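For reference, the structure is listed below as structure tokens.
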Amino acid sequence: MSREGNLEAPTRHPLDWKNPEFYDHEKTEAEMARIFDICHGCRRCFNLCNAFPLLFDAVDESASGELHSVSRTVLWDVVDQCYLCDMCYMTKCPYTPPHEFNLDFPHTMLRAKAVQFKEGKPNFRDKLLTSTDAIGRLASIPVVTQVVNAVNKNGMTRALMDITLGIHRDRILPTYTSKTFRKNAHPESGFPVKNGERTVGQVVIYSTCYINYNEPGIGMDLLKVLAHNEINAHILEKEACCGMPKLELGDLESVAALKEKNIPLLAEVARAGFAIMTPIPSCTLMYKQELPLMYPDDADVKAVAEAMFDPFEYLSLRHKDGFLKTEFKTPLGQVSYHVPCHLRVQNIGLKTRELLEMIPGTTVNTVERCAGHDGTWGVKSEHFDMSMKIGRPVFNRMKQDQPNYISSDCPIASRHILQGMAEEHPKEHPISLLRIAYGLE
């Protein structure tokens, strides 16, 4: 198949992660070399992240100007610069399946990260940062919460964390709260699943680690918006981390263990006819894309994927059916809105922007570019400076028009953007902006 003939939408092959050859170092490196050679000849992704410039510069500076004269060490350096945003696959690459080149850069990098994990490359810091449930449970203990938040804001302790753990001293870290979302969100702490017909306007909220432990106010605002639109919301009876942090580390066995904790209950909810809503795009993507690719023949995983919704995706469908309330009371003025990578690659369109633009007296400045934080990647000492460099165009564009609000569907990206802007602006999640626009307390 020629490149010109590849006009079909990109498709994804299942991840062959249970095959022992998947973790073979030499075979993985050979596949990396094949992929990198194609990328070097194309270079359409030169401006997405640092993985591609690092690769292209190494090729250009090599003895032959071709990949074969580049040190094998450099190939693995490229892996460390990839944070699996998936943008190259979904928006840039002309050689994705069904093209005969069969190029999947992100999943090749995921395979390489899995090899590195098997070989013991991730250190204590990497494993700690990706253990979001364990950290959250500990940091949400009332006395511990105060200590953790104080430590994270203290210059001396942050300098020590930089030296000993490799967590950059200048990275603004999220605060923790003892008033977690799941403990305080709903008078009915769990949702008793019952067999029955699909019910219109019934959703179950999978809160995510971040909303539960760090910014429960976003979850509370989501409940208020749903209630205002007469949508019955329930809190999932129990949940664990979605597994995305462990996936990005290459720890696929931990991803599998988390899947076994979450999928059975989520599948029961899905089969009972309820939509499942996640307020964090990375978590939504995990259930919509990554787990189905890891478990292509698992009926429960498929059922969950089909029932999983981004909040604005769901609200847009309600609006299409004529059920969304559009009597907004409070104009928002100028909103600088950032579209996270893990939302863009879901291919649902700009639903958040569309709904915000329906609010009278509101102008939305939309920025569709990677902000550079990318999960735990931008927290690490060795990546902090690059994360700020990648985000600089976003920071500058978000400053335009003196915004009344800075917003992103990813609250981690919002915090990173606000830090990079070095300006004081109110930061609100899009769901919180809807709550404000509705005039809800």
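Labeling convention for the structure tokens: chains A, B, ... as they appear, residues from 1 per chain, ligands from 1 in order of appearance.
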
- Picked from segment 32-264 of chain A by DSSP as helix (DSSP H, G or I), as number ranges by chain: A: 32-42, 51-60, 67-69, 72-81, 87-92, 105-118, 124-129, 132-139, 142-153, 155-164, 181-184, 209-213, 216-228, 244-249, 252-264

- Message: I'd like the neighbourhood of segment 218-224 of chain A as a count of residues only, where a residue qualifies if any of its atoms comes within 8 Å (using only C-alpha atoms), though same-chain residues fewer than 6 positions away should be ignored.
- Response: 12

- Message: Residues within 8 Å of Thr278 of chain A, please, as a VMD selection string. Count only C-alpha atoms; anything in the same chain fewer than 6 positions from it doesn't count.
- Response: chain A and resid 205 to 208 284 308 to 311

- Task: Please run DSSP on the backbone and report, as a PyMOL selection string, all residues within segment 45-233 of chain A that come out as strand (DSSP E).
- Result: chain A and resi 202-205+232-233

- Item | Option closest in space to Ala227 of chain A, from A:Leu265, A:Val151, A:Val203, A:Ala437 [counting only C-alpha atoms] |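 Counting only C-alpha atoms, the residue closest to Ala227 of chain A is A:Val203.
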
Could you make a table, as CSV, of the residues of segment 31-108 of chain A that have an atom within 8 Å of an atom of segment 362-386 of chain A, each with its nearest atom pair and distance in Å to one decimal, counting only C-alpha atoms, in chain and number order?
residue,atom,partner,partner_atom,distance
A:Leu48,CA,A:Cys370,CA,7.4
A:Cys49,CA,A:Gly372,CA,7.9
A:Asn50,CA,A:Met386,CA,7.7
A:Tyr83,CA,A:Asp374,CA,6.4
A:Cys85,CA,A:Asp374,CA,7.4

- Message: Could you tell me how far atom CA of Leu54 of chain A sits from atom CA of Arg72 of chain A, in Å to one decimal place?
- Response: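 Distance between the two atoms: 13.2 Å.
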
Listing only residues of segment 225-277 of chain A within 10 Å of segment 129-145 of chain A, what is the closest atom pair and its distance in Å (to one decimal) for each, using only C-alpha atoms, sorted by chain and residue number ascending, as JSON lines?
{"residue": "A:Glu239", "atom": "CA", "partner": "A:Asp133", "partner_atom": "CA", "distance": 9.8}
{"residue": "A:Ala240", "atom": "CA", "partner": "A:Asp133", "partner_atom": "CA", "distance": 6.8}
{"residue": "A:Cys241", "atom": "CA", "partner": "A:Asp133", "partner_atom": "CA", "distance": 6.1}
{"residue": "A:Cys242", "atom": "CA", "partner": "A:Thr132", "partner_atom": "CA", "distance": 9.8}
{"residue": "A:Gly243", "atom": "CA", "partner": "A:Thr130", "partner_atom": "CA", "distance": 8.8}
{"residue": "A:Met244", "atom": "CA", "partner": "A:Thr130", "partner_atom": "CA", "distance": 8.6}
{"residue": "A:Pro245", "atom": "CA", "partner": "A:Thr130", "partner_atom": "CA", "distance": 5.0}
{"residue": "A:Lys246", "atom": "CA", "partner": "A:Thr130", "partner_atom": "CA", "distance": 5.8}
{"residue": "A:Leu247", "atom": "CA", "partner": "A:Thr130", "partner_atom": "CA", "distance": 9.2}
{"residue": "A:Glu248", "atom": "CA", "partner": "A:Thr130", "partner_atom": "CA", "distance": 8.7}
{"residue": "A:Leu249", "atom": "CA", "partner": "A:Thr130", "partner_atom": "CA", "distance": 7.7}
{"residue": "A:Asp251", "atom": "CA", "partner": "A:Thr130", "partner_atom": "CA", "distance": 9.7}
{"residue": "A:Ser254", "atom": "CA", "partner": "A:Ser131", "partner_atom": "CA", "distance": 9.9}
